[in-house]
$ cat entry.cif   # mmCIF, C-alpha atoms and all ligand atoms
data_input
loop_
_atom_site.label_atom_id
_atom_site.label_comp_id
_atom_site.auth_asym_id
_atom_site.auth_seq_id
_atom_site.Cartn_x
_atom_site.Cartn_y
_atom_site.Cartn_z
CA MET A 1 20.03 43.26 -78.43
CA ASP A 2 18.15 46.53 -77.69
CA LEU A 3 20.14 49.10 -75.72
CA PHE A 4 18.56 51.64 -73.33
CA ASP A 5 19.81 54.10 -70.74
CA VAL A 6 17.18 53.05 -68.18
CA ALA A 7 14.98 49.94 -68.07
CA VAL A 8 12.07 50.05 -65.60
CA ILE A 9 10.53 46.73 -64.52
CA GLY A 10 6.81 46.94 -63.68
CA ALA A 11 4.10 49.37 -64.84
CA GLY A 12 2.47 49.92 -61.42
CA PRO A 13 2.26 53.49 -60.08
CA ALA A 14 5.93 53.54 -58.99
CA GLY A 15 7.23 52.10 -62.28
CA SER A 16 5.18 54.41 -64.49
CA MET A 17 6.25 57.45 -62.48
CA ALA A 18 9.93 56.42 -62.50
CA ALA A 19 9.77 55.86 -66.29
CA LYS A 20 8.06 59.21 -66.79
CA TYR A 21 10.74 61.10 -64.82
CA SER A 22 13.57 59.16 -66.46
CA ALA A 23 12.26 59.87 -69.98
CA LYS A 24 11.52 63.49 -69.03
CA SER A 25 15.15 63.88 -67.91
CA GLY A 26 16.40 62.85 -71.36
CA ALA A 27 17.25 59.18 -70.85
CA ARG A 28 16.25 56.56 -73.42
CA THR A 29 13.81 54.64 -71.22
CA ILE A 30 11.98 51.34 -71.60
CA LEU A 31 9.15 50.17 -69.32
CA LEU A 32 8.61 46.39 -69.13
CA GLU A 33 5.30 45.01 -67.84
CA GLU A 34 4.53 41.32 -67.55
CA HIS A 35 0.77 41.73 -68.03
CA ALA A 36 -1.12 42.91 -71.12
CA GLY A 37 -1.61 46.36 -69.56
CA ALA A 38 -1.43 48.29 -66.29
CA GLY A 39 -3.65 47.96 -63.23
CA TRP A 40 -4.41 44.26 -63.15
CA PRO A 41 -4.84 42.27 -60.94
CA VAL A 42 -6.04 44.86 -58.40
CA GLN A 43 -4.43 44.40 -54.98
CA CYS A 44 -5.54 47.63 -53.34
CA ALA A 45 -8.37 49.38 -51.51
CA GLY A 46 -7.76 52.45 -53.68
CA LEU A 47 -7.77 55.03 -50.88
CA LEU A 48 -5.54 58.00 -51.69
CA GLY A 49 -4.91 61.11 -49.61
CA GLN A 50 -4.45 64.68 -50.85
CA GLU A 51 -0.68 64.38 -51.24
CA ALA A 52 -0.93 61.11 -53.15
CA MET A 53 -3.45 62.61 -55.56
CA ALA A 54 -1.18 65.61 -56.11
CA GLU A 55 1.95 63.44 -56.55
CA SER A 56 0.17 61.32 -59.18
CA GLU A 57 -0.07 64.40 -61.45
CA ILE A 58 -3.39 63.06 -62.78
CA SER A 59 -5.67 66.05 -63.35
CA SER A 60 -8.83 64.18 -64.41
CA ARG A 61 -11.16 63.23 -61.55
CA SER A 62 -12.76 60.47 -63.64
CA ILE A 63 -10.72 57.93 -61.65
CA VAL A 64 -12.49 58.94 -58.39
CA LEU A 65 -15.32 56.74 -57.13
CA GLN A 66 -16.02 58.41 -53.78
CA ALA A 67 -14.72 61.34 -51.70
CA MET A 68 -13.93 60.75 -48.02
CA ARG A 69 -14.26 63.35 -45.26
CA GLY A 70 -13.71 61.32 -42.14
CA ALA A 71 -13.50 58.03 -40.32
CA THR A 72 -14.86 55.96 -37.49
CA VAL A 73 -12.27 54.01 -35.54
CA PHE A 74 -13.72 50.98 -33.73
CA SER A 75 -11.92 49.32 -30.82
CA PRO A 76 -12.26 45.53 -30.32
CA GLY A 77 -14.99 46.16 -27.73
CA CYS A 78 -16.82 48.48 -30.19
CA ARG A 79 -15.92 51.79 -28.58
CA ARG A 80 -15.82 54.35 -31.36
CA LEU A 81 -13.92 57.49 -32.26
CA ASP A 82 -15.73 59.57 -34.94
CA PHE A 83 -14.46 62.51 -36.92
CA LYS A 84 -15.55 64.23 -40.12
CA ALA A 85 -13.83 67.21 -41.77
CA LYS A 86 -15.59 70.02 -43.63
CA ALA A 87 -13.96 69.08 -46.96
CA ALA A 88 -12.72 65.85 -48.57
CA LYS A 89 -9.43 64.57 -47.17
CA ALA A 90 -9.07 61.42 -49.28
CA TRP A 91 -10.57 59.74 -52.31
CA VAL A 92 -11.43 56.17 -53.26
CA VAL A 93 -10.17 55.61 -56.79
CA ASP A 94 -10.61 52.94 -59.42
CA ARG A 95 -7.11 51.47 -59.14
CA ARG A 96 -7.22 50.02 -62.64
CA LEU A 97 -8.02 53.40 -64.23
CA PHE A 98 -5.49 55.09 -61.94
CA ASP A 99 -2.65 52.80 -63.06
CA GLN A 100 -3.67 53.17 -66.70
CA ALA A 101 -3.62 56.97 -66.42
CA MET A 102 -0.16 56.87 -64.82
CA LEU A 103 1.12 54.62 -67.59
CA ALA A 104 -0.31 56.93 -70.28
CA GLN A 105 1.67 59.81 -68.74
CA ALA A 106 4.93 57.83 -68.88
CA VAL A 107 4.38 56.95 -72.53
CA ALA A 108 3.42 60.55 -73.35
CA LYS A 109 6.79 61.70 -71.93
CA GLY A 110 8.64 59.32 -74.26
CA ALA A 111 9.08 56.07 -72.31
CA GLU A 112 8.86 53.04 -74.60
CA LEU A 113 6.39 50.45 -73.26
CA ARG A 114 6.62 46.71 -73.78
CA ILE A 115 3.70 44.74 -72.40
CA ARG A 116 3.70 40.95 -71.92
CA SER A 117 7.38 41.26 -71.02
CA ASN A 118 8.08 39.22 -67.92
CA VAL A 119 11.64 39.80 -66.71
CA ARG A 120 13.08 36.53 -65.43
CA LYS A 121 16.76 37.22 -64.80
CA ILE A 122 19.32 39.97 -64.46
CA ARG A 123 23.08 39.87 -64.91
CA ARG A 124 25.72 42.58 -64.97
CA GLU A 125 28.23 42.57 -67.86
CA ARG A 126 30.89 45.20 -68.55
CA GLY A 127 28.96 48.04 -66.93
CA TYR A 128 25.56 47.07 -68.40
CA SER A 129 22.56 45.18 -66.98
CA ILE A 130 21.21 42.42 -69.19
CA LEU A 131 17.58 41.51 -68.51
CA THR A 132 16.36 38.15 -69.80
CA LEU A 133 12.63 38.03 -70.57
CA ALA A 134 10.41 34.94 -70.53
CA GLY A 135 10.94 33.47 -74.01
CA GLY A 136 14.65 34.31 -73.96
CA ARG A 137 14.73 37.82 -75.43
CA GLU A 138 17.32 40.14 -73.83
CA ILE A 139 17.26 43.88 -73.05
CA LYS A 140 20.48 45.76 -72.29
CA SER A 141 20.47 48.94 -70.20
CA LYS A 142 22.89 51.03 -68.20
CA ILE A 143 20.55 51.18 -65.21
CA VAL A 144 17.54 49.14 -64.10
CA ILE A 145 14.78 50.47 -61.86
CA SER A 146 12.97 47.63 -60.14
CA ALA A 147 9.33 48.63 -59.57
CA GLU A 148 8.14 45.02 -59.49
CA GLY A 149 5.96 45.34 -56.42
CA VAL A 150 6.15 43.17 -53.34
CA SER A 151 7.58 40.06 -55.09
CA ALA A 152 10.73 41.96 -56.14
CA ARG A 153 12.40 38.87 -57.63
CA ILE A 154 14.81 40.78 -59.88
CA ALA A 155 15.66 43.26 -57.13
CA ARG A 156 16.58 40.36 -54.81
CA GLN A 157 18.71 38.75 -57.55
CA ALA A 158 20.60 42.04 -57.81
CA GLY A 159 21.19 42.25 -54.05
CA ILE A 160 18.43 44.57 -52.75
CA SER A 161 17.49 43.41 -49.25
CA ARG A 162 13.95 42.50 -48.13
CA SER A 163 11.60 44.86 -46.31
CA GLN A 164 11.28 44.25 -42.57
CA MET A 165 8.00 42.30 -42.82
CA ILE A 166 5.35 41.36 -45.38
CA LEU A 167 1.73 41.50 -44.26
CA SER A 168 -0.95 39.29 -45.77
CA GLY A 169 -3.78 41.38 -47.28
CA ALA A 170 -7.29 40.35 -48.34
CA GLN A 171 -10.33 42.36 -49.35
CA VAL A 172 -13.81 41.81 -50.77
CA GLN A 173 -16.15 44.20 -52.53
CA VAL A 174 -19.61 43.52 -51.24
CA PRO A 175 -23.17 44.95 -51.05
CA PHE A 176 -23.24 46.61 -47.63
CA ALA A 177 -25.45 48.89 -45.54
CA VAL A 178 -23.06 51.82 -45.30
CA GLU A 179 -23.37 54.06 -42.24
CA ASP A 180 -21.90 57.15 -43.92
CA PRO A 181 -20.55 56.99 -47.51
CA GLU A 182 -18.04 59.75 -46.73
CA LYS A 183 -16.45 57.93 -43.79
CA VAL A 184 -13.96 55.08 -43.75
CA GLU A 185 -14.24 52.55 -40.93
CA VAL A 186 -11.05 51.37 -39.20
CA HIS A 187 -11.40 48.24 -37.05
CA LEU A 188 -8.59 47.78 -34.53
CA GLY A 189 -7.73 44.39 -33.07
CA VAL A 190 -9.09 42.25 -35.96
CA ALA A 191 -5.76 41.99 -37.80
CA PRO A 192 -2.48 41.84 -35.84
CA GLY A 193 0.05 43.93 -37.79
CA LEU A 194 -2.38 46.57 -39.07
CA PHE A 195 -6.22 46.74 -38.96
CA GLY A 196 -9.44 45.92 -40.77
CA TRP A 197 -11.25 48.48 -42.95
CA VAL A 198 -14.60 49.27 -44.51
CA ILE A 199 -14.25 51.69 -47.41
CA PRO A 200 -17.59 52.79 -48.88
CA LEU A 201 -17.93 52.99 -52.66
CA ASP A 202 -21.46 54.43 -52.39
CA GLU A 203 -24.42 54.04 -50.02
CA GLY A 204 -24.88 50.36 -50.83
CA SER A 205 -21.46 48.81 -51.31
CA SER A 206 -18.05 48.75 -49.68
CA ARG A 207 -14.57 47.34 -49.87
CA ILE A 208 -14.05 45.36 -46.68
CA GLY A 209 -10.58 44.08 -45.99
CA LEU A 210 -7.59 43.79 -43.73
CA CYS A 211 -3.84 43.35 -43.70
CA ALA A 212 -2.39 41.12 -40.97
CA ARG A 213 0.90 39.46 -40.07
CA ASP A 214 -0.41 36.16 -41.44
CA ARG A 215 -3.49 34.34 -42.80
CA GLY A 216 -5.13 37.39 -44.41
CA CYS A 217 -7.95 35.42 -46.11
CA GLU A 218 -8.78 33.38 -43.00
CA ARG A 219 -8.81 36.49 -40.81
CA LEU A 220 -11.01 38.31 -43.35
CA ARG A 221 -13.53 35.45 -43.22
CA SER A 222 -13.66 35.83 -39.41
CA PHE A 223 -13.92 39.64 -39.70
CA LEU A 224 -16.92 39.29 -42.04
CA LYS A 225 -18.59 37.11 -39.40
CA THR A 226 -18.24 39.66 -36.57
CA ASP A 227 -21.56 41.17 -35.43
CA ILE A 228 -20.62 44.69 -36.44
CA ILE A 229 -20.02 43.64 -40.08
CA LYS A 230 -22.34 40.63 -40.54
CA LYS A 231 -25.57 42.47 -39.73
CA ARG A 232 -24.82 45.03 -42.50
CA LEU A 233 -23.87 42.59 -45.28
CA ARG A 234 -26.50 42.71 -48.04
CA GLY A 235 -25.28 39.97 -50.39
CA SER A 236 -22.32 37.89 -51.52
CA PRO A 237 -18.95 39.41 -52.35
CA VAL A 238 -18.64 40.46 -56.00
CA ALA A 239 -14.81 40.67 -56.00
CA LEU A 240 -11.89 39.33 -53.95
CA ASN A 241 -8.39 40.85 -53.92
CA VAL A 242 -5.43 39.33 -52.10
CA GLY A 243 -1.84 40.51 -51.93
CA GLY A 244 1.23 41.06 -49.80
CA LEU A 245 2.04 44.40 -48.21
CA PRO A 246 5.68 45.16 -47.29
CA LEU A 247 6.36 47.22 -44.16
CA GLY A 248 9.68 48.72 -43.11
CA PRO A 249 11.90 49.82 -46.02
CA ALA A 250 14.78 47.72 -47.33
CA ALA A 251 18.12 48.52 -45.67
CA VAL A 252 19.70 49.26 -49.07
CA THR A 253 17.73 50.37 -52.15
CA ALA A 254 20.60 50.99 -54.61
CA VAL A 255 23.29 48.57 -55.82
CA ASP A 256 25.56 48.56 -58.90
CA GLY A 257 23.32 49.36 -61.89
CA LEU A 258 19.96 48.99 -60.08
CA LEU A 259 17.53 50.98 -57.92
CA ALA A 260 14.38 49.65 -56.22
CA VAL A 261 11.23 51.76 -55.77
CA GLY A 262 7.73 51.37 -54.36
CA ASP A 263 6.76 48.05 -52.79
CA ALA A 264 9.98 46.49 -54.15
CA ALA A 265 11.84 48.78 -51.71
CA GLY A 266 9.29 48.48 -48.87
CA GLN A 267 8.20 52.12 -49.25
CA VAL A 268 4.77 51.77 -47.60
CA LYS A 269 3.26 53.82 -44.75
CA PRO A 270 3.18 51.52 -41.71
CA THR A 271 0.29 53.43 -40.11
CA SER A 272 -2.20 52.87 -42.96
CA GLY A 273 -0.65 50.36 -45.39
CA GLY A 274 -0.72 53.02 -48.12
CA GLY A 275 2.07 52.47 -50.64
CA ILE A 276 1.08 54.75 -53.48
CA TYR A 277 2.12 58.08 -51.96
CA PRO A 278 5.63 57.06 -50.79
CA GLY A 279 6.14 55.02 -53.98
CA LEU A 280 5.39 58.05 -56.17
CA VAL A 281 7.66 60.38 -54.19
CA ALA A 282 10.55 57.89 -54.38
CA ALA A 283 9.88 57.06 -58.05
CA LYS A 284 10.31 60.68 -59.12
CA ILE A 285 13.67 60.78 -57.35
CA ALA A 286 14.68 57.39 -58.82
CA GLY A 287 13.76 58.43 -62.37
CA GLY A 288 15.79 61.63 -62.12
CA VAL A 289 18.86 60.05 -60.50
CA ALA A 290 18.86 57.04 -62.85
CA ALA A 291 18.60 59.24 -65.97
CA ALA A 292 21.42 61.56 -64.84
CA ALA A 293 23.69 58.65 -63.86
CA ALA A 294 23.00 56.80 -67.14
CA ILE A 295 23.71 59.89 -69.23
CA GLU A 296 27.01 60.34 -67.31
CA SER A 297 27.64 56.57 -67.75
CA GLU A 298 28.38 56.43 -64.00
CA CYS A 299 26.23 53.55 -62.77
CA THR A 300 28.05 52.31 -59.65
CA ALA A 301 26.32 51.75 -56.32
CA LEU A 302 28.27 54.73 -54.98
CA ARG A 303 26.70 57.03 -57.63
CA LEU A 304 23.21 55.54 -57.27
CA MET A 305 23.24 55.88 -53.47
CA GLU A 306 22.24 59.50 -54.18
CA TYR A 307 18.75 58.08 -54.74
CA ASP A 308 18.84 56.19 -51.41
CA ARG A 309 19.89 59.34 -49.55
CA LEU A 310 17.32 61.59 -51.25
CA TRP A 311 14.28 59.37 -50.77
CA ARG A 312 15.18 58.73 -47.13
CA ALA A 313 15.52 62.49 -46.60
CA ALA A 314 12.00 62.93 -48.05
CA LEU A 315 10.25 59.96 -46.42
CA GLY A 316 12.56 58.15 -44.00
CA ARG A 317 11.46 59.88 -40.81
CA GLU A 318 7.77 59.52 -41.64
CA LEU A 319 8.21 55.76 -42.26
CA GLU A 320 10.29 55.35 -39.09
CA ILE A 321 7.68 57.10 -36.90
CA GLY A 322 5.01 55.05 -38.67
CA MET A 323 6.81 51.80 -37.79
CA ARG A 324 6.90 52.85 -34.13
CA ALA A 325 3.19 53.69 -34.14
CA ASN A 326 2.43 50.37 -35.87
CA ARG A 327 4.49 48.45 -33.27
CA MET A 328 2.74 50.28 -30.45
CA LEU A 329 -0.78 49.47 -31.71
CA SER A 330 0.17 45.87 -32.58
CA ARG A 331 1.36 45.19 -29.04
CA MET A 332 -1.68 46.57 -27.25
CA SER A 333 -4.22 44.14 -25.82
CA ASP A 334 -7.93 44.42 -26.73
CA ALA A 335 -8.64 46.00 -23.33
CA GLU A 336 -5.88 48.58 -23.88
CA LEU A 337 -7.22 49.42 -27.36
CA ASP A 338 -10.70 49.88 -25.85
CA GLU A 339 -9.19 52.18 -23.23
CA LEU A 340 -7.23 54.17 -25.84
CA VAL A 341 -10.20 54.69 -28.21
CA GLY A 342 -12.52 55.57 -25.31
CA TYR A 343 -9.97 58.07 -23.96
CA LEU A 344 -9.41 59.78 -27.35
CA ALA A 345 -13.15 59.90 -28.13
CA ALA A 346 -13.72 61.90 -24.96
CA LYS A 347 -11.41 64.74 -26.10
CA PRO A 348 -13.39 67.18 -28.31
CA ARG A 349 -10.37 69.44 -28.92
CA LEU A 350 -8.38 66.48 -30.16
CA ILE A 351 -11.19 65.44 -32.50
CA LYS A 352 -11.26 68.98 -33.87
CA ALA A 353 -7.49 68.80 -34.46
CA ILE A 354 -7.94 65.55 -36.40
CA GLU A 355 -10.71 67.09 -38.49
CA GLU A 356 -8.61 70.16 -39.28
CA HIS A 357 -5.16 68.61 -39.72
CA GLY A 358 -5.76 64.92 -40.50
CA ASP A 359 -3.50 63.79 -43.35
CA ILE A 360 -3.18 60.09 -44.17
CA ASP A 361 -0.02 60.74 -46.18
CA ARG A 362 1.87 62.56 -43.39
CA PRO A 363 0.36 61.12 -40.17
CA SER A 364 3.37 62.15 -38.04
CA LEU A 365 2.35 65.83 -38.37
CA LEU A 366 -1.09 65.03 -36.93
CA MET A 367 0.44 62.82 -34.22
CA ALA A 368 2.59 65.76 -33.07
CA ARG A 369 -0.49 68.02 -32.92
CA MET A 370 -2.51 65.38 -31.08
CA MET A 371 0.13 65.19 -28.34
CA ARG A 372 -0.65 68.83 -27.45
CA HIS A 373 -4.24 67.92 -26.60
CA LEU A 374 -3.47 64.89 -24.47
CA ASP A 375 -3.24 65.01 -20.71
CA TRP A 376 -1.73 61.54 -20.41
CA ASP A 377 -1.16 60.24 -16.94
CA ALA A 378 2.42 59.06 -16.46
CA ILE A 379 1.60 55.34 -16.28
CA ARG A 380 -0.41 55.30 -19.50
CA LEU A 381 2.27 57.28 -21.34
CA ALA A 382 5.11 55.03 -20.07
CA ARG A 383 3.20 51.97 -21.25
CA LEU A 384 2.68 53.37 -24.76
CA LEU A 385 6.29 54.49 -25.09
CA GLY A 386 7.39 51.03 -23.95
CA TYR A 387 5.35 49.44 -26.77
CA ALA A 388 6.76 51.85 -29.34
CA LEU A 389 10.38 51.46 -28.33
CA ARG A 390 10.51 47.68 -27.81
C1 LIG A 401 -5.20 44.53 -49.73
C2 LIG A 401 -4.38 45.76 -50.04
C3 LIG A 401 -4.97 47.00 -49.99
C4 LIG A 401 -4.20 48.16 -50.27
N1 LIG A 401 -4.82 49.39 -50.22
C5 LIG A 401 -4.09 50.51 -50.48
C6 LIG A 401 -4.72 51.80 -50.47
O1 LIG A 401 -5.92 51.93 -50.22
N2 LIG A 401 -3.94 52.89 -50.73
C7 LIG A 401 -2.60 52.80 -51.01
O2 LIG A 401 -1.92 53.84 -51.20
N3 LIG A 401 -2.00 51.58 -51.03
C8 LIG A 401 -2.70 50.44 -50.81
N4 LIG A 401 -2.10 49.22 -50.86
C9 LIG A 401 -0.68 49.16 -51.24
C10 LIG A 401 -0.54 49.45 -52.74
O3 LIG A 401 -1.41 48.60 -53.47
C11 LIG A 401 0.92 49.21 -53.15
O4 LIG A 401 1.77 49.85 -52.24
C12 LIG A 401 1.18 49.77 -54.57
O5 LIG A 401 0.43 49.09 -55.54
C13 LIG A 401 2.67 49.61 -54.90
O6 LIG A 401 2.91 50.12 -56.18
P1 LIG A 401 4.17 49.58 -57.00
O7 LIG A 401 4.14 50.33 -58.29
O8 LIG A 401 5.37 49.61 -56.17
O9 LIG A 401 3.87 48.02 -57.27
P2 LIG A 401 2.64 47.32 -57.96
O10 LIG A 401 1.44 48.17 -57.97
O11 LIG A 401 2.55 45.97 -57.33
O12 LIG A 401 3.11 47.13 -59.49
C14 LIG A 401 4.13 46.22 -59.84
C15 LIG A 401 4.02 45.96 -61.34
O13 LIG A 401 5.16 45.21 -61.76
C16 LIG A 401 4.75 44.16 -62.62
N5 LIG A 401 5.80 43.12 -62.51
C17 LIG A 401 6.15 42.44 -61.38
N6 LIG A 401 7.18 41.62 -61.64
C18 LIG A 401 7.50 41.80 -62.95
C19 LIG A 401 8.48 41.23 -63.79
N7 LIG A 401 9.37 40.33 -63.33
N8 LIG A 401 8.53 41.62 -65.09
C20 LIG A 401 7.65 42.54 -65.58
N9 LIG A 401 6.69 43.11 -64.81
C21 LIG A 401 6.61 42.75 -63.51
C22 LIG A 401 3.38 43.77 -62.08
O14 LIG A 401 2.61 43.10 -63.07
C23 LIG A 401 2.80 45.14 -61.71
O15 LIG A 401 2.15 45.73 -62.81
C24 LIG A 401 -2.83 48.04 -50.59
C25 LIG A 401 -2.24 46.79 -50.65
C26 LIG A 401 -2.99 45.65 -50.37
C27 LIG A 401 -2.33 44.30 -50.43
#
$ encode --input "entry.cif" --output "structure tokens"
Amino acid sequence: MDLFDVAVIGAGPAGSMAAKYSAKSGARTILLEEHAGAGWPVQCAGLLGQEAMAESEISSRSIVLQAMRGATVFSPGCRRLDFKAKAAKAWVVDRRLFDQAMLAQAVAKGAELRIRSNVRKIRRERGYSILTLAGGREIKSKIVISAEGVSARIARQAGISRSQMILSGAQVQVPFAVEDPEKVEVHLGVAPGLFGWVIPLDEGSSRIGLCARDRGCERLRSFLKTDIIKKRLRGSPVALNVGGLPLGPAAVTAVDGLLAVGDAAGQVKPTSGGGIYPGLVAAKIAGGVAAAAAIESECTALRLMEYDRLWRAALGRELEIGMRANRMLSRMSDAELDELVGYLAAKPRLIKAIEEHGDIDRPSLLMARMMRHLDWDAIRLARLLGYALR
């Protein structure tokens, strides 16, 4: 049986980054991926903010399809809030190329890759984790990092708890009359739990999708039939992506001999559904902690909780504020969303603040700035706080 210090399950962005940092820290690291390569099937809109791009450590811009400078937020009654910054704030990437570039970095740092290696079971034996692959082959390691994505079967077997909720996501790529190729559209009220989006790829095509508490595909079909979308469709969808999106991190992300990162740990921004940025931040911490603990041969939950503490210190507050904002928006009626968007759109200083300080990776910083420009009346404020705190 092969013996490693650290075995990483899943070559998505979080797994490749964790393997890279584990190998870089001197641990003998193996990366196990069930598919024949990274980046397939795509379950993502591919929108990455500045911080996510920087955290990926990918220098080549060949993965970028389109730069984004702003957004239009539509309320259910079609009130709109428009903003556009002077420079790009986010990029639409080819997720397949992105994942492949991340994987290449992990391998270049010394992680050993095994493709077509579907991990079926985990057991702990005398201080080691034994992973059983489909076909019966076994891999022995001191520590396992589960970066399996939302399914997280091995993480659950090892005792990692579930994220607070799993949204149902669906998206099509479709010929579309784009209003502004540098602006994302956010459609509130079409998908309870998050929102619908239109992400331009160029002037004539877009990714149109949503994540909702349930029935993602059914809700997407209805979204595509709304007036605001239907009149701009210019042909049939050329691709469909569906997938689950975890929100609200797992209560515990480290147990004896195993850490969970990325979607497997529920590390997704609840304001936008973006999982790549928090997954990468946590994966770097996981790779470093796992390598150090494996080299010390100290693989208990107590030792590995260092990872849990460090990633929560880096991201916990942002995710917590994001959950509150998500709850607040999810509980508002269509009329209240119309009122909110109309109110914000009438505040030029606030729009300027969004254009200058908008950051999809750290939305809480913008939220704090926005508060300065709001002259909320007491009733409106009490209502919003009530939604957030309930
Ligand atoms: C519709 C939709 C749109 C999204 N849009 C965005 C977006 O625009 N921006 C953004 O930041 N996020 C977006 N997300 C979220 C983002 O896709 C995820 O957060 C991100 O992919 C999580 O990365 P990960 O590495 O944790 O898991 P994944 O990317 O899911 O990778 C997991 C890997 O593990 C492998 N694997 C799983 N189980 C096993 C096993 N047992 N053995 C071996 N290998 C295994 C899988 O094959 C896969 O390669 C979107 C999600 C959805 C559903």
$ atom_distance --input "entry.cif" --atom1 "atom CA of Lys89 of chain A" --atom2 "atom CA of Leu329 of chain A"
23.3 Å
$ closest_residue --input "entry.cif" --among "A:Leu210, A:Val198, A:Met53, A:Leu247" --to "ligand LIG 401 (chain A)" --atoms "all atoms listed in the file"
A:Leu210
$ residues_near_ligand --input "entry.cif" --ligand "ligand LIG 401 (chain A)" --cutoff "6 Å" --atoms "only C-alpha atoms and all ligand atoms" --output "PyMOL selection string"
chain A and resi 9-15+32-35+38+43-48+117-120+147-149+169-171+242-245+262-264+268+273-277+279
$ write_last_selection --input "entry.cif" --atoms "C-alpha atoms" --output "short mmCIF file (atom, residue, chain, number, x, y, z; two decimals), in the coordinates of the input"
data_model
loop_
_atom_site.label_atom_id
_atom_site.label_comp_id
_atom_site.auth_asym_id
_atom_site.auth_seq_id
_atom_site.Cartn_x
_atom_site.Cartn_y
_atom_site.Cartn_z
CA ILE A 9 10.53 46.73 -64.52
CA GLY A 10 6.81 46.94 -63.68
CA ALA A 11 4.10 49.37 -64.84
CA GLY A 12 2.47 49.92 -61.42
CA PRO A 13 2.26 53.49 -60.08
CA ALA A 14 5.93 53.54 -58.99
CA GLY A 15 7.23 52.10 -62.28
CA LEU A 32 8.61 46.39 -69.13
CA GLU A 33 5.30 45.01 -67.84
CA GLU A 34 4.53 41.32 -67.55
CA HIS A 35 0.77 41.73 -68.03
CA ALA A 38 -1.43 48.29 -66.29
CA GLN A 43 -4.43 44.40 -54.98
CA CYS A 44 -5.54 47.63 -53.34
CA ALA A 45 -8.37 49.38 -51.51
CA GLY A 46 -7.76 52.45 -53.68
CA LEU A 47 -7.77 55.03 -50.88
CA LEU A 48 -5.54 58.00 -51.69
CA SER A 117 7.38 41.26 -71.02
CA ASN A 118 8.08 39.22 -67.92
CA VAL A 119 11.64 39.80 -66.71
CA ARG A 120 13.08 36.53 -65.43
CA ALA A 147 9.33 48.63 -59.57
CA GLU A 148 8.14 45.02 -59.49
CA GLY A 149 5.96 45.34 -56.42
CA GLY A 169 -3.78 41.38 -47.28
CA ALA A 170 -7.29 40.35 -48.34
CA GLN A 171 -10.33 42.36 -49.35
CA VAL A 242 -5.43 39.33 -52.10
CA GLY A 243 -1.84 40.51 -51.93
CA GLY A 244 1.23 41.06 -49.80
CA LEU A 245 2.04 44.40 -48.21
CA GLY A 262 7.73 51.37 -54.36
CA ASP A 263 6.76 48.05 -52.79
CA ALA A 264 9.98 46.49 -54.15
CA VAL A 268 4.77 51.77 -47.60
CA GLY A 273 -0.65 50.36 -45.39
CA GLY A 274 -0.72 53.02 -48.12
CA GLY A 275 2.07 52.47 -50.64
CA ILE A 276 1.08 54.75 -53.48
CA TYR A 277 2.12 58.08 -51.96
CA GLY A 279 6.14 55.02 -53.98
#
$ closest_residue --input "entry.cif" --among "A:Ala90, A:Glu356, A:Ala7, A:Glu182" --to "Ala54 of chain A" --atoms "only C-alpha atoms"
A:Ala90
$ atom_distance --input "entry.cif" --atom1 "atom CA of Lys225 of chain A" --atom2 "atom CA of Cys211 of chain A"
16.6 Å
$ residues_near_point --input "entry.cif" --point "(1.5, 65.1, -31.8)" --cutoff "12 Å" --atoms "only C-alpha atoms" --output "mmCIF file with C-alpha atoms, keeping the file's coordinate frame"
data_model
loop_
_atom_site.group_PDB
_atom_site.id
_atom_site.type_symbol
_atom_site.label_atom_id
_atom_site.label_comp_id
_atom_site.auth_asym_id
_atom_site.auth_seq_id
_atom_site.Cartn_x
_atom_site.Cartn_y
_atom_site.Cartn_z
ATOM 1 C CA ILE A 321 7.680 57.100 -36.900
ATOM 2 C CA ALA A 325 3.190 53.690 -34.140
ATOM 3 C CA LEU A 350 -8.380 66.480 -30.160
ATOM 4 C CA ALA A 353 -7.490 68.800 -34.460
ATOM 5 C CA ILE A 354 -7.940 65.550 -36.400
ATOM 6 C CA HIS A 357 -5.160 68.610 -39.720
ATOM 7 C CA GLY A 358 -5.760 64.920 -40.500
ATOM 8 C CA ARG A 362 1.870 62.560 -43.390
ATOM 9 C CA PRO A 363 0.360 61.120 -40.170
ATOM 10 C CA SER A 364 3.370 62.150 -38.040
ATOM 11 C CA LEU A 365 2.350 65.830 -38.370
ATOM 12 C CA LEU A 366 -1.090 65.030 -36.930
ATOM 13 C CA MET A 367 0.440 62.820 -34.220
ATOM 14 C CA ALA A 368 2.590 65.760 -33.070
ATOM 15 C CA ARG A 369 -0.490 68.020 -32.920
ATOM 16 C CA MET A 370 -2.510 65.380 -31.080
ATOM 17 C CA MET A 371 0.130 65.190 -28.340
ATOM 18 C CA ARG A 372 -0.650 68.830 -27.450
ATOM 19 C CA HIS A 373 -4.240 67.920 -26.600
ATOM 20 C CA LEU A 374 -3.470 64.890 -24.470
#
$ closest_residue --input "entry.cif" --among "A:Pro41, A:Pro175, A:Gly110, A:Gly196" --to "Ser16 of chain A" --atoms "only C-alpha atoms"
A:Gly110
